[in-house]
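This is entry-v9.cif. It holds mmCIF, C-alpha atoms.
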data_upload
#
loop_
_atom_site.label_atom_id
_atom_site.label_comp_id
_atom_site.auth_asym_id
_atom_site.auth_seq_id
_atom_site.Cartn_x
_atom_site.Cartn_y
_atom_site.Cartn_z
CA MET A 13 107.42 110.00 81.59
CA THR A 14 106.16 110.97 85.04
CA PRO A 15 105.25 114.66 85.40
CA THR A 16 107.12 116.72 87.97
CA PRO A 17 105.25 116.56 91.27
CA GLU A 18 103.80 119.61 92.94
CA TYR A 19 105.66 120.58 96.12
CA VAL A 20 103.72 122.08 99.02
CA HIS A 21 105.50 123.13 102.19
CA LEU A 22 103.36 123.35 105.33
CA LEU A 23 104.53 124.79 108.61
CA PRO A 24 103.22 122.61 111.45
CA GLY A 25 99.92 124.04 112.69
CA ALA A 26 99.70 126.64 109.91
CA PRO A 27 96.53 127.48 107.94
CA LEU A 28 96.03 125.32 104.86
CA PRO A 29 96.38 126.92 101.44
CA PRO A 30 94.06 126.21 98.53
CA LEU A 31 95.49 123.62 96.16
CA ALA A 32 95.84 124.44 92.49
CA SER A 33 93.85 121.37 91.40
CA SER A 34 91.40 118.82 92.71
CA ALA A 35 92.29 116.22 90.08
CA PRO A 36 92.91 112.70 91.41
CA ALA A 37 96.34 112.61 93.02
CA LYS A 38 99.00 110.61 94.79
CA VAL A 39 100.28 112.43 97.87
CA VAL A 40 103.60 111.71 99.53
CA ILE A 41 103.66 113.19 103.01
CA VAL A 42 107.22 113.95 104.11
CA ALA A 43 106.88 114.71 107.82
CA ASP A 44 109.96 116.17 109.45
CA VAL A 45 108.09 116.74 112.72
CA VAL A 46 105.25 115.18 114.71
CA VAL A 47 102.17 117.44 114.67
CA GLU A 48 99.11 117.93 116.88
CA SER A 49 96.36 115.42 116.14
CA HIS A 50 93.73 118.15 115.58
CA TRP A 51 95.83 119.81 112.87
CA GLN A 52 96.70 116.42 111.39
CA ALA A 53 92.97 115.65 111.10
CA SER A 54 92.41 119.01 109.36
CA VAL A 55 95.22 118.35 106.89
CA SER A 56 93.87 114.85 106.22
CA ASP A 57 90.38 116.19 105.50
CA TRP A 58 91.91 118.89 103.26
CA LEU A 59 93.78 116.20 101.31
CA ILE A 60 90.65 114.08 100.83
CA ARG A 61 88.64 117.08 99.62
CA SER A 62 91.53 118.04 97.32
CA GLY A 63 91.47 114.81 95.30
CA CYS A 64 93.91 112.57 97.16
CA LEU A 65 93.30 108.94 96.21
CA TYR A 66 96.63 107.46 97.30
CA MET A 67 98.61 108.70 100.31
CA LEU A 68 102.09 107.54 101.22
CA ALA A 69 103.45 108.77 104.57
CA TRP A 70 107.12 108.95 105.50
CA GLY A 71 108.95 110.46 108.44
CA ALA A 72 107.95 111.54 111.94
CA GLY A 73 104.69 109.96 113.06
CA CYS A 74 104.05 108.44 109.64
CA SER A 75 101.75 105.71 110.97
CA SER A 76 99.49 108.37 112.50
CA TRP A 77 99.16 110.00 109.05
CA ASP A 78 97.99 106.67 107.66
CA ASP A 79 95.31 106.48 110.37
CA ALA A 80 94.28 110.15 110.03
CA VAL A 81 93.80 109.96 106.26
CA ASP A 82 91.84 106.70 106.58
CA MET A 83 89.60 108.37 109.18
CA ALA A 84 89.06 111.46 107.01
CA ASN A 85 88.05 109.23 104.09
CA LEU A 86 85.53 107.36 106.26
CA GLU A 87 84.17 110.61 107.73
CA GLN A 88 83.56 111.95 104.24
CA PHE A 89 80.98 109.18 103.75
CA GLY A 90 79.45 109.19 107.24
CA PHE A 91 81.38 106.06 108.25
CA SER A 92 79.37 104.12 105.67
CA ASP A 93 80.58 102.36 102.53
CA VAL A 94 83.11 104.38 100.56
CA PRO A 95 82.56 104.21 96.79
CA GLU A 96 85.41 102.45 94.99
CA ASP A 97 86.29 105.54 92.97
CA ARG A 98 86.64 107.62 96.16
CA PHE A 99 88.43 105.07 98.32
CA VAL A 100 91.84 106.40 99.39
CA MET A 101 94.70 103.92 99.46
CA THR A 102 97.10 104.65 102.35
CA THR A 103 100.55 103.37 103.23
CA TRP A 104 103.18 104.35 105.77
CA HIS A 105 106.89 103.79 105.40
CA GLU A 106 108.57 104.01 108.79
CA ASP A 107 111.70 101.98 108.11
CA GLU A 108 112.31 102.82 104.45
CA HIS A 109 114.58 105.35 102.81
CA LEU A 110 112.71 108.31 101.34
CA GLY A 111 114.14 107.52 97.89
CA GLU A 112 112.45 104.11 98.00
CA VAL A 113 109.13 105.72 98.95
CA PHE A 114 109.48 108.15 96.03
CA ARG A 115 110.29 105.23 93.71
CA PHE A 116 107.21 103.36 94.88
CA ALA A 117 105.02 106.46 94.46
CA LYS A 118 106.43 107.16 91.03
CA HIS A 119 106.34 103.66 89.56
CA ASP A 120 104.08 101.35 91.57
CA ALA A 121 101.37 103.18 93.53
CA GLN A 122 98.15 102.72 91.60
CA HIS A 123 94.52 103.20 92.54
CA PRO A 124 92.31 100.18 91.74
CA SER A 125 89.78 102.17 89.72
CA GLU A 126 91.06 105.70 89.02
CA GLN A 127 93.90 107.15 86.96
CA MET A 128 96.10 109.55 88.92
CA ASP A 129 98.20 111.85 86.74
CA ARG A 130 99.07 114.27 89.54
CA THR A 131 101.56 113.78 92.38
CA LEU A 132 101.94 116.06 95.37
CA ILE A 133 104.85 116.09 97.81
CA LEU A 134 103.42 117.50 101.02
CA HIS A 135 106.37 118.54 103.17
CA ILE A 136 105.57 119.23 106.81
CA SER A 137 108.52 121.03 108.31
CA THR A 138 109.78 124.28 109.75
CA ASP A 139 112.13 124.64 106.75
CA SER A 140 111.45 124.21 103.03
CA ARG A 141 113.52 121.65 101.13
CA GLU A 142 111.77 121.99 97.77
CA VAL A 143 114.79 121.57 95.48
CA GLU A 144 116.19 118.65 97.50
CA LEU A 145 112.89 116.74 97.60
CA LEU A 146 112.01 117.38 93.95
CA ASP A 147 115.49 116.25 92.91
CA ALA A 148 115.16 113.09 95.03
CA PHE A 149 111.79 112.34 93.43
CA ALA A 150 113.24 112.85 89.94
CA ALA A 151 116.11 110.47 90.74
CA ALA A 152 113.80 107.73 92.04
#
Kindly present the structure from the file in structure tokens form.
Amino acid sequence: MTPTPEYVHLLPGAPLPPLASSAPAKVVIVADVVVESHWQASVSDWLIRSGCLYMLAWGAGCSSWDDAVDMANLEQFGFSDVPEDRFVMTTWHEDEHLGEVFRFAKHDAQHPSEQMDRTLILHISTDSREVELLDAFAAA
């Protein structure tokens, strides 16, 4: 049985909160809005430092999230070789339904060398949709 994911709502451009855990995690970014690249880079770095090992991006500007998280992972190691156990898998899902992205995250997204028992739904929006997104994840 997959544990209930953690839901974090971020207002675009807002300060980043501390995360409850830095255990290895899958992160599904649900972006309702396009954000400034500087803030996106800060969020990406925050995710890497918070244990993200697999990031799936969906919604507005999702391909830019894929690039930003890849860049943050490379920056963490001075643009040198990234150790296998710290390499972050990234995907973006521009033309898929969110339910399919949740299904993939829940059942198929695996890191090549690390176990990830924690899932985070990172919702970037002006309005919280916690119950809706957690229910959609559960149904996937």
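Here CA of Ser56 (chain A) and CA of Ala80 (chain A) stand 6.1 Å from one another.
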ask   = CA of Glu142 (chain A) to CA of Pro17 (chain A): how many Å, to one decimal?
value = 10.7 Å
task = Compare A:Ala53, A:Val143, A:Ile136, A:Ala37 by their minimum atom-to-atom distance to Trp70 (chain A), counting only C-alpha atoms, and give me the closest one.
result =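 That would be A:Ile136, the residue with the smallest distance to Trp70 (chain A).
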ask   = Of the residues A:Leu68, A:Ala152, A:Val47, A:Val81, which is the one nearest to Ala26 (chain A), using all atoms listed in the file?
value =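 Distance minimum relative to Ala26 (chain A) lands on A:Val47.
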query = So, counting all atoms listed in the file, which residue among A:His105, A:Ala117, A:Asp82, A:Leu134 is closest to Leu28 (chain A)?
reply = A:Leu134
task = Specify as a PyMOL selection string each residue included when the PyMOL selection byres ((chain A and resi 30) around 12) is applied to this file.
result = chain A and resi 20+22+27-29+31-34+55+58-59+61-62
Please fill the gaps in region 76-96 of chain A so it has N, CA and C atoms, and write that as a compact mmCIF listing (two decimals), keeping the file's coordinate frame.
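Listed below is the output, result-v3.txt:
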# COMPACT_ATOMS: atom_id res chain seq x y z
N SER A 76 100.67 107.58 112.11
CA SER A 76 99.49 108.37 112.50
C SER A 76 98.89 109.08 111.29
N TRP A 77 99.71 109.41 110.29
CA TRP A 77 99.16 110.00 109.05
C TRP A 77 98.31 108.97 108.31
N ASP A 78 98.76 107.73 108.29
CA ASP A 78 97.99 106.67 107.66
C ASP A 78 96.60 106.57 108.31
N ASP A 79 96.57 106.56 109.63
CA ASP A 79 95.31 106.48 110.37
C ASP A 79 94.44 107.72 110.14
N ALA A 80 95.05 108.91 110.16
CA ALA A 80 94.28 110.15 110.03
C ALA A 80 93.64 110.28 108.65
N VAL A 81 94.37 109.89 107.61
CA VAL A 81 93.80 109.96 106.26
C VAL A 81 92.70 108.91 106.09
N ASP A 82 92.91 107.72 106.62
CA ASP A 82 91.84 106.70 106.58
C ASP A 82 90.58 107.22 107.27
N MET A 83 90.74 107.85 108.44
CA MET A 83 89.60 108.37 109.18
C MET A 83 88.90 109.48 108.41
N ALA A 84 89.66 110.37 107.79
CA ALA A 84 89.06 111.46 107.01
C ALA A 84 88.27 110.91 105.83
N ASN A 85 88.77 109.85 105.21
CA ASN A 85 88.05 109.23 104.09
C ASN A 85 86.74 108.62 104.56
N LEU A 86 86.76 107.94 105.70
CA LEU A 86 85.53 107.36 106.26
C LEU A 86 84.54 108.45 106.68
N GLU A 87 85.04 109.50 107.30
CA GLU A 87 84.17 110.61 107.73
C GLU A 87 83.45 111.25 106.55
N GLN A 88 84.14 111.34 105.43
CA GLN A 88 83.56 111.95 104.24
C GLN A 88 82.27 111.24 103.82
N PHE A 89 82.15 109.97 104.13
CA PHE A 89 80.98 109.18 103.75
C PHE A 89 80.18 108.71 104.96
N GLY A 90 80.25 109.48 106.05
CA GLY A 90 79.45 109.19 107.24
C GLY A 90 79.73 107.83 107.83
N PHE A 91 80.97 107.36 107.72
CA PHE A 91 81.38 106.06 108.25
C PHE A 91 80.56 104.92 107.64
N SER A 92 80.10 105.14 106.42
CA SER A 92 79.37 104.12 105.67
C SER A 92 80.31 103.61 104.57
N ASP A 93 79.77 102.87 103.62
CA ASP A 93 80.58 102.36 102.53
C ASP A 93 81.15 103.49 101.69
N VAL A 94 82.44 103.41 101.40
CA VAL A 94 83.11 104.38 100.56
C VAL A 94 83.08 103.87 99.13
N PRO A 95 82.57 104.66 98.19
CA PRO A 95 82.56 104.21 96.79
C PRO A 95 83.97 103.90 96.31
N GLU A 96 84.10 102.89 95.46
CA GLU A 96 85.41 102.45 94.99
C GLU A 96 86.22 103.58 94.38
